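Visitor: Take this structure, written in structure tokens, and hold onto it; I'll ask about it next.
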Amino acid sequence: MLSNTIVLDARDLHEKSLGLRFALPALGEFATGFVVRYHGKAHAYINQCAHVPVELDWNQGEFFTVSKDYLICATHGAHYQPDTGHCIMGPCKGKSLQALPVTEQNHQITIHIDQLHKLHHKIK
Ligand code: FES
């Protein structure tokens with residue numbers, strides 16, 4: 001049975017730095033998600049660009065732009081707001097990354113993927 005949560009060590013997630021990737025088998029064998037820290041808060045998304053369904057990071061974990069103000073898709077450069085996942089520049093401007101609910105306490109980041117399973121079952 002698939003787990004409904006993914007738990008990561010919060011001490012591994014630094015402000016506007018490398019994101020943490022995790023597998024999302026509910027969405028397929030190679031599907032991944034990621035979490036980044038922005039303004040102190042953890043934000044998690046499915047690792048799939050709103051333009052073409054590819055992963056955002058060419059170099060694993062590198063989601064931020066050089067200025068660290070936005071998340072960027074390495075393929076065509078779409079810029080996303082780190083806290084909302086909203087695309088503000090690029091070929092998918094106006095669309096959004098698919099956010100995953102995330103909570104943080106006691107040095108643990110918990111990503112809640114129970115809705116993902118339901119979604120996937122509906123699609124199947
Ligand atoms: S695939 Fe991400 S911007 Fe085109």
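A note on labels: chains of the structure tokens are A, B, ... as shown, every chain counts residues from 1, and ligands are counted from 1 in their shown order.
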Could I get the residue neighbourhood of ligand 1 at 6 Å, counting only C-alpha atoms and all ligand atoms, as a CSV table (one decimal) with C-alpha atoms, in the first residue's frame?
Guide:
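Final output, part_11.csv:
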chain,number,residue,atom,x,y,z
A,49,CYS,CA,6.3,22.2,-15.6
A,51,HIS,CA,4.1,24.2,-20.1
A,52,VAL,CA,5.3,20.7,-21.0
A,54,VAL,CA,8.9,17.6,-17.7
A,73,CYS,CA,12.0,25.5,-15.4
A,75,THR,CA,13.8,23.7,-20.3
A,76,HIS,CA,12.3,27.0,-21.5
A,77,GLY,CA,12.8,29.2,-18.5
A,78,ALA,CA,9.3,29.6,-17.1
A,91,PRO,CA,5.4,30.1,-22.1
Visitor: Can you list, as JSON, numbers by chain, every residue of chain A that DSSP puts in alpha helix (DSSP H)?
Guide: {"A": [114, 115, 116, 117, 118, 119, 120, 121, 122, 123]}
Visitor: If you run DSSP on this backbone, which residues of chain A come out as strand (DSSP E), and could you give them as a VMD selection string?
Guide: chain A and resid 5 to 9 20 to 23 32 to 38 41 to 46 71 to 72 79 to 80 87 to 89 99 to 100 102 to 105 108 to 112
Visitor: Write out, as a PDB file, in the first residue's frame, the residues just selected, with C-alpha atoms.
Guide:
ATOM      1  CA  THR A   5       2.759  11.165   3.602  1.00  0.00           C
ATOM      2  CA  ILE A   6       6.390  11.805   2.792  1.00  0.00           C
ATOM      3  CA  VAL A   7       8.568  12.857   5.694  1.00  0.00           C
ATOM      4  CA  LEU A   8      11.846  14.712   5.208  1.00  0.00           C
ATOM      5  CA  ASP A   9      14.394  16.161   7.600  1.00  0.00           C
ATOM      6  CA  LEU A  20      14.579  18.303  -1.860  1.00  0.00           C
ATOM      7  CA  ARG A  21      13.173  15.854  -4.372  1.00  0.00           C
ATOM      8  CA  PHE A  22      11.009  12.851  -3.563  1.00  0.00           C
ATOM      9  CA  ALA A  23       9.361  10.092  -5.544  1.00  0.00           C
ATOM     10  CA  THR A  32       8.795  13.239  -8.563  1.00  0.00           C
ATOM     11  CA  GLY A  33       7.870  16.134  -6.370  1.00  0.00           C
ATOM     12  CA  PHE A  34      10.011  18.699  -4.620  1.00  0.00           C
ATOM     13  CA  VAL A  35      10.000  21.031  -1.692  1.00  0.00           C
ATOM     14  CA  VAL A  36      11.824  24.350  -1.336  1.00  0.00           C
ATOM     15  CA  ARG A  37      12.160  26.819   1.508  1.00  0.00           C
ATOM     16  CA  TYR A  38      11.158  30.381   0.748  1.00  0.00           C
ATOM     17  CA  LYS A  41       8.334  28.348   4.878  1.00  0.00           C
ATOM     18  CA  ALA A  42       8.370  25.006   3.053  1.00  0.00           C
ATOM     19  CA  HIS A  43       6.494  24.827  -0.262  1.00  0.00           C
ATOM     20  CA  ALA A  44       5.986  21.551  -2.110  1.00  0.00           C
ATOM     21  CA  TYR A  45       4.963  20.894  -5.695  1.00  0.00           C
ATOM     22  CA  ILE A  46       4.710  18.127  -8.228  1.00  0.00           C
ATOM     23  CA  LEU A  71      11.616  28.896  -9.321  1.00  0.00           C
ATOM     24  CA  ILE A  72      12.641  28.279 -12.902  1.00  0.00           C
ATOM     25  CA  HIS A  79       9.441  31.540 -13.832  1.00  0.00           C
ATOM     26  CA  TYR A  80       7.213  30.528 -10.924  1.00  0.00           C
ATOM     27  CA  CYS A  87       3.875  31.164 -13.405  1.00  0.00           C
ATOM     28  CA  ILE A  88       4.603  34.858 -13.902  1.00  0.00           C
ATOM     29  CA  MET A  89       6.879  34.674 -16.937  1.00  0.00           C
ATOM     30  CA  ALA A  99       1.002  22.381  -5.042  1.00  0.00           C
ATOM     31  CA  LEU A 100       1.143  19.655  -2.414  1.00  0.00           C
ATOM     32  CA  VAL A 102       3.046  20.521   3.472  1.00  0.00           C
ATOM     33  CA  THR A 103       3.449  20.919   7.232  1.00  0.00           C
ATOM     34  CA  GLU A 104       6.549  21.363   9.341  1.00  0.00           C
ATOM     35  CA  GLN A 105       7.182  20.673  12.994  1.00  0.00           C
ATOM     36  CA  GLN A 108      10.235  17.286  10.142  1.00  0.00           C
ATOM     37  CA  ILE A 109       8.682  18.323   6.875  1.00  0.00           C
ATOM     38  CA  THR A 110       5.611  16.280   6.033  1.00  0.00           C
ATOM     39  CA  ILE A 111       4.170  16.298   2.551  1.00  0.00           C
ATOM     40  CA  HIS A 112       0.605  15.096   2.379  1.00  0.00           C
TER      41      HIS A 112
END
